[in-house]
>>> print(open('model_24.cif').read())   # mmCIF, N, CA and C atoms
data_model
#
loop_
_atom_site.label_atom_id
_atom_site.label_comp_id
_atom_site.auth_asym_id
_atom_site.auth_seq_id
_atom_site.Cartn_x
_atom_site.Cartn_y
_atom_site.Cartn_z
N MET A 345 -170.60 84.92 -44.09
CA MET A 345 -169.25 84.75 -43.57
C MET A 345 -168.81 86.05 -42.91
N LEU A 346 -168.21 85.93 -41.74
CA LEU A 346 -167.72 87.10 -41.01
C LEU A 346 -166.34 87.49 -41.51
N PRO A 347 -166.01 88.78 -41.47
CA PRO A 347 -164.67 89.22 -41.85
C PRO A 347 -163.62 88.58 -40.96
N ASP A 348 -162.39 88.48 -41.46
CA ASP A 348 -161.30 87.90 -40.69
C ASP A 348 -161.19 88.57 -39.33
N GLY A 349 -160.94 87.77 -38.31
CA GLY A 349 -160.75 88.30 -36.97
C GLY A 349 -162.02 88.43 -36.16
N LEU A 350 -163.19 88.28 -36.79
CA LEU A 350 -164.45 88.36 -36.06
C LEU A 350 -164.98 86.96 -35.80
N HIS A 351 -165.61 86.77 -34.66
CA HIS A 351 -166.23 85.50 -34.35
C HIS A 351 -167.73 85.71 -34.20
N TRP A 352 -168.47 84.65 -34.36
CA TRP A 352 -169.92 84.73 -34.22
C TRP A 352 -170.23 84.79 -32.74
N PRO A 353 -170.84 85.89 -32.24
CA PRO A 353 -171.05 86.06 -30.80
C PRO A 353 -172.06 85.10 -30.19
N LEU A 354 -172.82 84.40 -31.02
CA LEU A 354 -173.81 83.47 -30.49
C LEU A 354 -173.38 82.02 -30.60
N ALA A 355 -172.14 81.79 -31.01
CA ALA A 355 -171.63 80.42 -31.08
C ALA A 355 -171.72 79.79 -29.69
N GLY A 356 -172.28 78.62 -29.62
CA GLY A 356 -172.41 77.92 -28.34
C GLY A 356 -173.60 78.32 -27.51
N ALA A 357 -174.48 79.17 -28.06
CA ALA A 357 -175.67 79.59 -27.31
C ALA A 357 -176.52 78.36 -26.97
N ARG A 358 -177.10 78.38 -25.77
CA ARG A 358 -177.88 77.25 -25.29
C ARG A 358 -179.32 77.69 -24.96
N THR A 359 -180.21 76.72 -24.98
CA THR A 359 -181.61 76.97 -24.66
C THR A 359 -181.74 77.71 -23.34
N GLY A 360 -182.58 78.73 -23.34
CA GLY A 360 -182.85 79.51 -22.14
C GLY A 360 -181.98 80.74 -21.98
N GLN A 361 -180.89 80.80 -22.73
CA GLN A 361 -180.06 82.00 -22.65
C GLN A 361 -180.78 83.17 -23.31
N VAL A 362 -180.46 84.37 -22.86
CA VAL A 362 -181.11 85.58 -23.37
C VAL A 362 -180.12 86.35 -24.23
N VAL A 363 -180.57 86.75 -25.40
CA VAL A 363 -179.74 87.49 -26.35
C VAL A 363 -180.36 88.88 -26.54
N VAL A 364 -179.52 89.89 -26.46
CA VAL A 364 -179.94 91.27 -26.70
C VAL A 364 -179.18 91.78 -27.92
N VAL A 365 -179.91 92.31 -28.88
CA VAL A 365 -179.30 92.96 -30.04
C VAL A 365 -179.79 94.40 -30.04
N ALA A 366 -178.84 95.32 -29.98
CA ALA A 366 -179.19 96.74 -29.94
C ALA A 366 -178.53 97.46 -31.11
N ARG A 367 -179.26 98.41 -31.67
CA ARG A 367 -178.75 99.28 -32.72
C ARG A 367 -178.76 100.69 -32.18
N TRP A 368 -177.58 101.28 -32.14
CA TRP A 368 -177.44 102.66 -31.64
C TRP A 368 -176.97 103.56 -32.76
N GLN A 369 -177.59 104.70 -32.91
CA GLN A 369 -177.14 105.74 -33.83
C GLN A 369 -176.72 106.94 -33.00
N PRO A 370 -175.41 107.16 -32.86
CA PRO A 370 -174.97 108.33 -32.09
C PRO A 370 -175.44 109.63 -32.76
N GLY A 371 -175.74 110.61 -31.94
CA GLY A 371 -176.11 111.92 -32.46
C GLY A 371 -174.91 112.59 -33.11
N PRO A 372 -175.13 113.65 -33.86
CA PRO A 372 -174.04 114.36 -34.52
C PRO A 372 -172.96 114.78 -33.51
N GLY A 373 -171.72 114.43 -33.83
CA GLY A 373 -170.58 114.83 -33.02
C GLY A 373 -170.42 114.09 -31.70
N THR A 374 -171.19 113.01 -31.50
CA THR A 374 -171.12 112.31 -30.21
C THR A 374 -170.48 110.93 -30.28
N ARG A 375 -170.12 110.47 -31.47
CA ARG A 375 -169.64 109.09 -31.62
C ARG A 375 -168.45 108.78 -30.72
N SER A 376 -167.47 109.66 -30.64
CA SER A 376 -166.29 109.36 -29.82
C SER A 376 -166.65 109.25 -28.34
N ALA A 377 -167.56 110.09 -27.86
CA ALA A 377 -167.99 110.00 -26.46
C ALA A 377 -168.78 108.71 -26.23
N VAL A 378 -169.62 108.33 -27.19
CA VAL A 378 -170.39 107.09 -27.07
C VAL A 378 -169.45 105.89 -27.04
N THR A 379 -168.51 105.83 -27.96
CA THR A 379 -167.62 104.67 -28.02
C THR A 379 -166.70 104.60 -26.80
N ALA A 380 -166.28 105.72 -26.27
CA ALA A 380 -165.43 105.71 -25.06
C ALA A 380 -166.21 105.14 -23.88
N ALA A 381 -167.44 105.59 -23.69
CA ALA A 381 -168.26 105.07 -22.60
C ALA A 381 -168.62 103.60 -22.84
N LEU A 382 -168.86 103.23 -24.10
CA LEU A 382 -169.19 101.85 -24.44
C LEU A 382 -168.02 100.91 -24.14
N GLU A 383 -166.81 101.34 -24.40
CA GLU A 383 -165.64 100.50 -24.09
C GLU A 383 -165.61 100.17 -22.60
N GLN A 384 -165.84 101.15 -21.77
CA GLN A 384 -165.85 100.93 -20.32
C GLN A 384 -167.05 100.05 -19.93
N LEU A 385 -168.21 100.31 -20.51
CA LEU A 385 -169.40 99.52 -20.23
C LEU A 385 -169.18 98.06 -20.61
N ALA A 386 -168.56 97.82 -21.75
CA ALA A 386 -168.32 96.44 -22.19
C ALA A 386 -167.41 95.70 -21.22
N VAL A 387 -166.34 96.34 -20.78
CA VAL A 387 -165.41 95.70 -19.83
C VAL A 387 -166.14 95.32 -18.55
N GLU A 388 -166.90 96.25 -17.99
CA GLU A 388 -167.59 95.99 -16.73
C GLU A 388 -168.72 94.98 -16.91
N SER A 389 -169.39 95.00 -18.05
CA SER A 389 -170.48 94.06 -18.30
C SER A 389 -169.95 92.65 -18.47
N ARG A 390 -168.84 92.49 -19.17
CA ARG A 390 -168.25 91.15 -19.36
C ARG A 390 -167.82 90.52 -18.05
N ALA A 391 -167.57 91.32 -17.03
CA ALA A 391 -167.15 90.81 -15.71
C ALA A 391 -168.34 90.32 -14.88
N GLU A 392 -169.56 90.58 -15.31
CA GLU A 392 -170.74 90.12 -14.57
C GLU A 392 -170.83 88.60 -14.64
N ALA A 393 -171.24 87.99 -13.54
CA ALA A 393 -171.33 86.52 -13.47
C ALA A 393 -172.23 85.93 -14.56
N GLY A 394 -173.35 86.57 -14.87
CA GLY A 394 -174.29 86.02 -15.84
C GLY A 394 -174.11 86.47 -17.26
N CYS A 395 -173.11 87.32 -17.52
CA CYS A 395 -172.87 87.79 -18.88
C CYS A 395 -172.00 86.78 -19.62
N LEU A 396 -172.51 86.27 -20.73
CA LEU A 396 -171.79 85.26 -21.51
C LEU A 396 -171.15 85.85 -22.76
N GLY A 397 -171.44 87.10 -23.06
CA GLY A 397 -170.86 87.76 -24.22
C GLY A 397 -171.37 89.17 -24.35
N TYR A 398 -170.49 90.07 -24.78
CA TYR A 398 -170.86 91.47 -24.95
C TYR A 398 -169.95 92.03 -26.03
N GLU A 399 -170.47 92.14 -27.24
CA GLU A 399 -169.68 92.55 -28.39
C GLU A 399 -170.30 93.76 -29.07
N ALA A 400 -169.46 94.65 -29.56
CA ALA A 400 -169.92 95.83 -30.31
C ALA A 400 -169.30 95.79 -31.71
N TYR A 401 -170.08 96.16 -32.70
CA TYR A 401 -169.64 96.15 -34.09
C TYR A 401 -170.02 97.48 -34.75
N ASP A 402 -169.24 97.89 -35.72
CA ASP A 402 -169.58 99.06 -36.52
C ASP A 402 -170.63 98.66 -37.54
N GLY A 403 -171.71 99.41 -37.60
CA GLY A 403 -172.76 99.17 -38.59
C GLY A 403 -172.67 100.19 -39.71
N GLN A 404 -173.72 100.31 -40.47
CA GLN A 404 -173.76 101.26 -41.58
C GLN A 404 -174.03 102.66 -41.06
N ASP A 405 -173.50 103.64 -41.78
CA ASP A 405 -173.76 105.05 -41.49
C ASP A 405 -173.45 105.45 -40.05
N GLY A 406 -172.36 104.89 -39.50
CA GLY A 406 -171.93 105.24 -38.15
C GLY A 406 -172.68 104.55 -37.04
N GLU A 407 -173.58 103.65 -37.39
CA GLU A 407 -174.36 102.94 -36.40
C GLU A 407 -173.48 101.97 -35.61
N ILE A 408 -173.84 101.71 -34.36
CA ILE A 408 -173.15 100.74 -33.51
C ILE A 408 -174.13 99.61 -33.24
N ILE A 409 -173.68 98.38 -33.45
CA ILE A 409 -174.50 97.20 -33.20
C ILE A 409 -173.93 96.47 -31.99
N LEU A 410 -174.77 96.21 -31.00
CA LEU A 410 -174.36 95.45 -29.82
C LEU A 410 -175.02 94.09 -29.85
N VAL A 411 -174.27 93.05 -29.51
CA VAL A 411 -174.81 91.71 -29.34
C VAL A 411 -174.38 91.25 -27.95
N GLU A 412 -175.36 91.05 -27.09
CA GLU A 412 -175.10 90.65 -25.71
C GLU A 412 -175.76 89.30 -25.47
N ARG A 413 -175.15 88.49 -24.60
CA ARG A 413 -175.75 87.20 -24.26
C ARG A 413 -175.65 86.99 -22.76
N TYR A 414 -176.76 86.57 -22.16
CA TYR A 414 -176.85 86.37 -20.72
C TYR A 414 -177.34 84.96 -20.42
N ALA A 415 -176.97 84.44 -19.25
CA ALA A 415 -177.33 83.08 -18.87
C ALA A 415 -178.84 82.88 -18.81
N ASP A 416 -179.56 83.93 -18.39
CA ASP A 416 -181.01 83.84 -18.26
C ASP A 416 -181.56 85.25 -18.02
N HIS A 417 -182.88 85.34 -17.82
CA HIS A 417 -183.51 86.66 -17.60
C HIS A 417 -183.00 87.32 -16.32
N ALA A 418 -182.74 86.52 -15.29
CA ALA A 418 -182.23 87.09 -14.03
C ALA A 418 -180.88 87.76 -14.26
N ALA A 419 -180.04 87.17 -15.09
CA ALA A 419 -178.73 87.77 -15.39
C ALA A 419 -178.90 89.07 -16.16
N LEU A 420 -179.84 89.11 -17.10
CA LEU A 420 -180.11 90.35 -17.83
C LEU A 420 -180.62 91.42 -16.88
N GLU A 421 -181.51 91.06 -15.99
CA GLU A 421 -182.03 92.05 -15.03
C GLU A 421 -180.94 92.53 -14.08
N ALA A 422 -180.03 91.64 -13.69
CA ALA A 422 -178.90 92.04 -12.85
C ALA A 422 -178.03 93.05 -13.61
N HIS A 423 -177.82 92.80 -14.90
CA HIS A 423 -177.05 93.72 -15.74
C HIS A 423 -177.73 95.09 -15.78
N ARG A 424 -179.02 95.10 -16.06
CA ARG A 424 -179.75 96.36 -16.18
C ARG A 424 -179.87 97.11 -14.85
N SER A 425 -179.72 96.41 -13.76
CA SER A 425 -179.79 97.03 -12.43
C SER A 425 -178.42 97.44 -11.90
N SER A 426 -177.37 97.06 -12.60
CA SER A 426 -176.01 97.31 -12.11
C SER A 426 -175.67 98.80 -12.14
N ASP A 427 -174.78 99.18 -11.25
CA ASP A 427 -174.32 100.56 -11.18
C ASP A 427 -173.70 101.00 -12.50
N HIS A 428 -172.86 100.14 -13.09
CA HIS A 428 -172.17 100.54 -14.33
C HIS A 428 -173.15 100.72 -15.49
N PHE A 429 -174.20 99.90 -15.56
CA PHE A 429 -175.19 100.07 -16.63
C PHE A 429 -175.94 101.40 -16.44
N ARG A 430 -176.37 101.65 -15.22
CA ARG A 430 -177.12 102.89 -14.97
C ARG A 430 -176.24 104.13 -15.20
N ARG A 431 -175.00 104.05 -14.75
CA ARG A 431 -174.09 105.20 -14.87
C ARG A 431 -173.65 105.43 -16.31
N LEU A 432 -173.23 104.35 -16.98
CA LEU A 432 -172.66 104.50 -18.32
C LEU A 432 -173.71 104.47 -19.43
N ALA A 433 -174.55 103.44 -19.45
CA ALA A 433 -175.54 103.31 -20.53
C ALA A 433 -176.65 104.35 -20.38
N VAL A 434 -177.31 104.33 -19.23
CA VAL A 434 -178.46 105.22 -19.04
C VAL A 434 -178.01 106.67 -18.85
N GLY A 435 -176.98 106.88 -18.04
CA GLY A 435 -176.56 108.24 -17.72
C GLY A 435 -175.72 108.93 -18.76
N ARG A 436 -174.85 108.19 -19.46
CA ARG A 436 -173.93 108.85 -20.40
C ARG A 436 -174.23 108.56 -21.86
N ILE A 437 -174.53 107.31 -22.20
CA ILE A 437 -174.66 106.94 -23.62
C ILE A 437 -176.03 107.32 -24.19
N VAL A 438 -177.09 106.86 -23.56
CA VAL A 438 -178.44 107.08 -24.11
C VAL A 438 -178.72 108.55 -24.42
N PRO A 439 -178.34 109.51 -23.57
CA PRO A 439 -178.61 110.91 -23.92
C PRO A 439 -177.88 111.39 -25.18
N LEU A 440 -176.84 110.67 -25.61
CA LEU A 440 -176.07 111.06 -26.79
C LEU A 440 -176.56 110.41 -28.08
N LEU A 441 -177.53 109.52 -27.97
CA LEU A 441 -178.00 108.78 -29.14
C LEU A 441 -179.13 109.51 -29.85
N ALA A 442 -179.06 109.53 -31.18
CA ALA A 442 -180.15 110.07 -32.00
C ALA A 442 -181.26 109.04 -32.13
N HIS A 443 -180.88 107.77 -32.09
CA HIS A 443 -181.85 106.68 -32.24
C HIS A 443 -181.27 105.42 -31.60
N ARG A 444 -182.15 104.62 -31.03
CA ARG A 444 -181.73 103.30 -30.55
C ARG A 444 -182.88 102.34 -30.66
N GLU A 445 -182.54 101.10 -30.89
CA GLU A 445 -183.51 100.03 -31.03
C GLU A 445 -182.93 98.82 -30.30
N VAL A 446 -183.73 98.16 -29.48
CA VAL A 446 -183.26 97.03 -28.69
C VAL A 446 -184.23 95.86 -28.87
N VAL A 447 -183.69 94.69 -29.17
CA VAL A 447 -184.49 93.47 -29.30
C VAL A 447 -183.93 92.46 -28.30
N VAL A 448 -184.83 91.85 -27.52
CA VAL A 448 -184.45 90.83 -26.55
C VAL A 448 -185.11 89.53 -26.98
N ALA A 449 -184.32 88.44 -27.04
CA ALA A 449 -184.84 87.15 -27.45
C ALA A 449 -184.28 86.06 -26.54
N VAL A 450 -185.02 84.96 -26.45
CA VAL A 450 -184.59 83.81 -25.68
C VAL A 450 -184.24 82.70 -26.65
N VAL A 451 -183.09 82.07 -26.44
CA VAL A 451 -182.67 80.96 -27.29
C VAL A 451 -183.57 79.76 -27.01
N GLU A 452 -184.10 79.17 -28.06
CA GLU A 452 -184.95 77.97 -27.90
C GLU A 452 -184.28 76.76 -28.48
#
>>> encode(input="model_24.cif", output="structure tokens")
Amino acid sequence: MLPDGLHWPLAGARTGQVVVVARWQPGPGTRSAVTAALEQLAVESRAEAGCLGYEAYDGQDGEIILVERYADHAALEAHRSSDHFRRLAVGRIVPLLAHREVVVAVVE
């Protein structure tokens, strides 16, 4: 059961959609910079035509959990090729992370 106010980000997922689950561990003293850039990244990502969901959650020990959903692989590739992804995720966030793990799955 999810805490009050949270919804299941994969509700309504359909066959062929692509789900990305990422675990980010910000480096020491970088969490506020990571979350600030992530807020902007989330807004711009949600505006993409193929993005069906982009949610961030607090994990254990300061970890950030992302759950993203895209219409298909082409939509995910469009996201990864976008200016905002390259500028914010690759250019600003990733260098501040002590660890990251990304899993990509297709809904069957």
>>> residues_around(input="model_24.cif", residues="range 402-412 of chain A", least_positions_apart="5", cutoff="12 Å", atoms="only C-alpha atoms", output="PyMOL selection string")
chain A and resi 350-355+357+361-376+378-379+382-383+385-386+389-390+392+394-397+419-420+423+437+441-450
>>> select_by_dssp(input="model_24.cif", residues="chain A", states="helix (DSSP H, G or I)", output="MDAnalysis selection string")
chainID A and resid 375:390 404:406 417:425 427:440
>>> atom_distance(input="model_24.cif", atom1="atom N of Leu432 in chain A", atom2="atom C of Arg358 in chain A")
28.5 Å
>>> atom_distance(input="model_24.cif", atom1="CA of Ser425 in chain A", atom2="CA of Glu388 in chain A")
13.0 Å
>>> atom_distance(input="model_24.cif", atom1="CA of Val387 in chain A", atom2="CA of Tyr414 in chain A")
14.8 Å
>>> select_by_dssp(input="model_24.cif", residues="chain A", states="strand (DSSP E or B)", output="PDB file with N, CA and C atoms, in the frame of the given file")
ATOM      1  N   VAL A 362    -180.460  84.370 -22.860  1.00  0.00           N
ATOM      2  CA  VAL A 362    -181.110  85.580 -23.370  1.00  0.00           C
ATOM      3  C   VAL A 362    -180.120  86.350 -24.230  1.00  0.00           C
ATOM      4  N   VAL A 363    -180.570  86.750 -25.400  1.00  0.00           N
ATOM      5  CA  VAL A 363    -179.740  87.490 -26.350  1.00  0.00           C
ATOM      6  C   VAL A 363    -180.360  88.880 -26.540  1.00  0.00           C
ATOM      7  N   VAL A 364    -179.520  89.890 -26.460  1.00  0.00           N
ATOM      8  CA  VAL A 364    -179.940  91.270 -26.700  1.00  0.00           C
ATOM      9  C   VAL A 364    -179.180  91.780 -27.920  1.00  0.00           C
ATOM     10  N   VAL A 365    -179.910  92.310 -28.880  1.00  0.00           N
ATOM     11  CA  VAL A 365    -179.300  92.960 -30.040  1.00  0.00           C
ATOM     12  C   VAL A 365    -179.790  94.400 -30.040  1.00  0.00           C
ATOM     13  N   ALA A 366    -178.840  95.320 -29.980  1.00  0.00           N
ATOM     14  CA  ALA A 366    -179.190  96.740 -29.940  1.00  0.00           C
ATOM     15  C   ALA A 366    -178.530  97.460 -31.110  1.00  0.00           C
ATOM     16  N   ARG A 367    -179.260  98.410 -31.670  1.00  0.00           N
ATOM     17  CA  ARG A 367    -178.750  99.280 -32.720  1.00  0.00           C
ATOM     18  C   ARG A 367    -178.760 100.690 -32.180  1.00  0.00           C
ATOM     19  N   TRP A 368    -177.580 101.280 -32.140  1.00  0.00           N
ATOM     20  CA  TRP A 368    -177.440 102.660 -31.640  1.00  0.00           C
ATOM     21  C   TRP A 368    -176.970 103.560 -32.760  1.00  0.00           C
ATOM     22  N   GLN A 369    -177.590 104.700 -32.910  1.00  0.00           N
ATOM     23  CA  GLN A 369    -177.140 105.740 -33.830  1.00  0.00           C
ATOM     24  C   GLN A 369    -176.720 106.940 -33.000  1.00  0.00           C
ATOM     25  N   PRO A 370    -175.410 107.160 -32.860  1.00  0.00           N
ATOM     26  CA  PRO A 370    -174.970 108.330 -32.090  1.00  0.00           C
ATOM     27  C   PRO A 370    -175.440 109.630 -32.760  1.00  0.00           C
ATOM     28  N   CYS A 395    -173.110  87.320 -17.520  1.00  0.00           N
ATOM     29  CA  CYS A 395    -172.870  87.790 -18.880  1.00  0.00           C
ATOM     30  C   CYS A 395    -172.000  86.780 -19.620  1.00  0.00           C
ATOM     31  N   LEU A 396    -172.510  86.270 -20.730  1.00  0.00           N
ATOM     32  CA  LEU A 396    -171.790  85.260 -21.510  1.00  0.00           C
ATOM     33  C   LEU A 396    -171.150  85.850 -22.760  1.00  0.00           C
ATOM     34  N   GLY A 397    -171.440  87.100 -23.060  1.00  0.00           N
ATOM     35  CA  GLY A 397    -170.860  87.760 -24.220  1.00  0.00           C
ATOM     36  C   GLY A 397    -171.370  89.170 -24.350  1.00  0.00           C
ATOM     37  N   TYR A 398    -170.490  90.070 -24.780  1.00  0.00           N
ATOM     38  CA  TYR A 398    -170.860  91.470 -24.950  1.00  0.00           C
ATOM     39  C   TYR A 398    -169.950  92.030 -26.030  1.00  0.00           C
ATOM     40  N   GLU A 399    -170.470  92.140 -27.240  1.00  0.00           N
ATOM     41  CA  GLU A 399    -169.680  92.550 -28.390  1.00  0.00           C
ATOM     42  C   GLU A 399    -170.300  93.760 -29.070  1.00  0.00           C
ATOM     43  N   ALA A 400    -169.460  94.650 -29.560  1.00  0.00           N
ATOM     44  CA  ALA A 400    -169.920  95.830 -30.310  1.00  0.00           C
ATOM     45  C   ALA A 400    -169.300  95.790 -31.710  1.00  0.00           C
ATOM     46  N   TYR A 401    -170.080  96.160 -32.700  1.00  0.00           N
ATOM     47  CA  TYR A 401    -169.640  96.150 -34.090  1.00  0.00           C
ATOM     48  C   TYR A 401    -170.020  97.480 -34.750  1.00  0.00           C
ATOM     49  N   ASP A 402    -169.240  97.890 -35.720  1.00  0.00           N
ATOM     50  CA  ASP A 402    -169.580  99.060 -36.520  1.00  0.00           C
ATOM     51  C   ASP A 402    -170.630  98.660 -37.540  1.00  0.00           C
ATOM     52  N   ILE A 408    -173.840 101.710 -34.360  1.00  0.00           N
ATOM     53  CA  ILE A 408    -173.150 100.740 -33.510  1.00  0.00           C
ATOM     54  C   ILE A 408    -174.130  99.610 -33.240  1.00  0.00           C
ATOM     55  N   ILE A 409    -173.680  98.380 -33.450  1.00  0.00           N
ATOM     56  CA  ILE A 409    -174.500  97.200 -33.200  1.00  0.00           C
ATOM     57  C   ILE A 409    -173.930  96.470 -31.990  1.00  0.00           C
ATOM     58  N   LEU A 410    -174.770  96.210 -31.000  1.00  0.00           N
ATOM     59  CA  LEU A 410    -174.360  95.450 -29.820  1.00  0.00           C
ATOM     60  C   LEU A 410    -175.020  94.090 -29.850  1.00  0.00           C
ATOM     61  N   VAL A 411    -174.270  93.050 -29.510  1.00  0.00           N
ATOM     62  CA  VAL A 411    -174.810  91.710 -29.340  1.00  0.00           C
ATOM     63  C   VAL A 411    -174.380  91.250 -27.950  1.00  0.00           C
ATOM     64  N   GLU A 412    -175.360  91.050 -27.090  1.00  0.00           N
ATOM     65  CA  GLU A 412    -175.100  90.650 -25.710  1.00  0.00           C
ATOM     66  C   GLU A 412    -175.760  89.300 -25.470  1.00  0.00           C
ATOM     67  N   ARG A 413    -175.150  88.490 -24.600  1.00  0.00           N
ATOM     68  CA  ARG A 413    -175.750  87.200 -24.260  1.00  0.00           C
ATOM     69  C   ARG A 413    -175.650  86.990 -22.760  1.00  0.00           C
ATOM     70  N   TYR A 414    -176.760  86.570 -22.160  1.00  0.00           N
ATOM     71  CA  TYR A 414    -176.850  86.370 -20.720  1.00  0.00           C
ATOM     72  C   TYR A 414    -177.340  84.960 -20.420  1.00  0.00           C
ATOM     73  N   LEU A 441    -177.530 109.520 -27.970  1.00  0.00           N
ATOM     74  CA  LEU A 441    -178.000 108.780 -29.140  1.00  0.00           C
ATOM     75  C   LEU A 441    -179.130 109.510 -29.850  1.00  0.00           C
ATOM     76  N   ALA A 442    -179.060 109.530 -31.180  1.00  0.00           N
ATOM     77  CA  ALA A 442    -180.150 110.070 -32.000  1.00  0.00           C
ATOM     78  C   ALA A 442    -181.260 109.040 -32.130  1.00  0.00           C
ATOM     79  N   HIS A 443    -180.880 107.770 -32.090  1.00  0.00           N
ATOM     80  CA  HIS A 443    -181.850 106.680 -32.240  1.00  0.00           C
ATOM     81  C   HIS A 443    -181.270 105.420 -31.600  1.00  0.00           C
ATOM     82  N   ARG A 444    -182.150 104.620 -31.030  1.00  0.00           N
ATOM     83  CA  ARG A 444    -181.730 103.300 -30.550  1.00  0.00           C
ATOM     84  C   ARG A 444    -182.880 102.340 -30.660  1.00  0.00           C
ATOM     85  N   GLU A 445    -182.540 101.100 -30.890  1.00  0.00           N
ATOM     86  CA  GLU A 445    -183.510 100.030 -31.030  1.00  0.00           C
ATOM     87  C   GLU A 445    -182.930  98.820 -30.300  1.00  0.00           C
ATOM     88  N   VAL A 446    -183.730  98.160 -29.480  1.00  0.00           N
ATOM     89  CA  VAL A 446    -183.260  97.030 -28.690  1.00  0.00           C
ATOM     90  C   VAL A 446    -184.230  95.860 -28.870  1.00  0.00           C
ATOM     91  N   VAL A 447    -183.690  94.690 -29.170  1.00  0.00           N
ATOM     92  CA  VAL A 447    -184.490  93.470 -29.300  1.00  0.00           C
ATOM     93  C   VAL A 447    -183.930  92.460 -28.300  1.00  0.00           C
ATOM     94  N   VAL A 448    -184.830  91.850 -27.520  1.00  0.00           N
ATOM     95  CA  VAL A 448    -184.450  90.830 -26.550  1.00  0.00           C
ATOM     96  C   VAL A 448    -185.110  89.530 -26.980  1.00  0.00           C
ATOM     97  N   ALA A 449    -184.320  88.440 -27.040  1.00  0.00           N
ATOM     98  CA  ALA A 449    -184.840  87.150 -27.450  1.00  0.00           C
ATOM     99  C   ALA A 449    -184.280  86.060 -26.540  1.00  0.00           C
ATOM    100  N   VAL A 450    -185.020  84.960 -26.450  1.00  0.00           N
ATOM    101  CA  VAL A 450    -184.590  83.810 -25.680  1.00  0.00           C
ATOM    102  C   VAL A 450    -184.240  82.700 -26.650  1.00  0.00           C
TER     103      VAL A 450
END
>>> closest_residue(input="model_24.cif", among="A:Ala377, A:Ala393, A:Val451, A:Val434", to="Ala418 in chain A", atoms="only C-alpha atoms")
A:Ala393
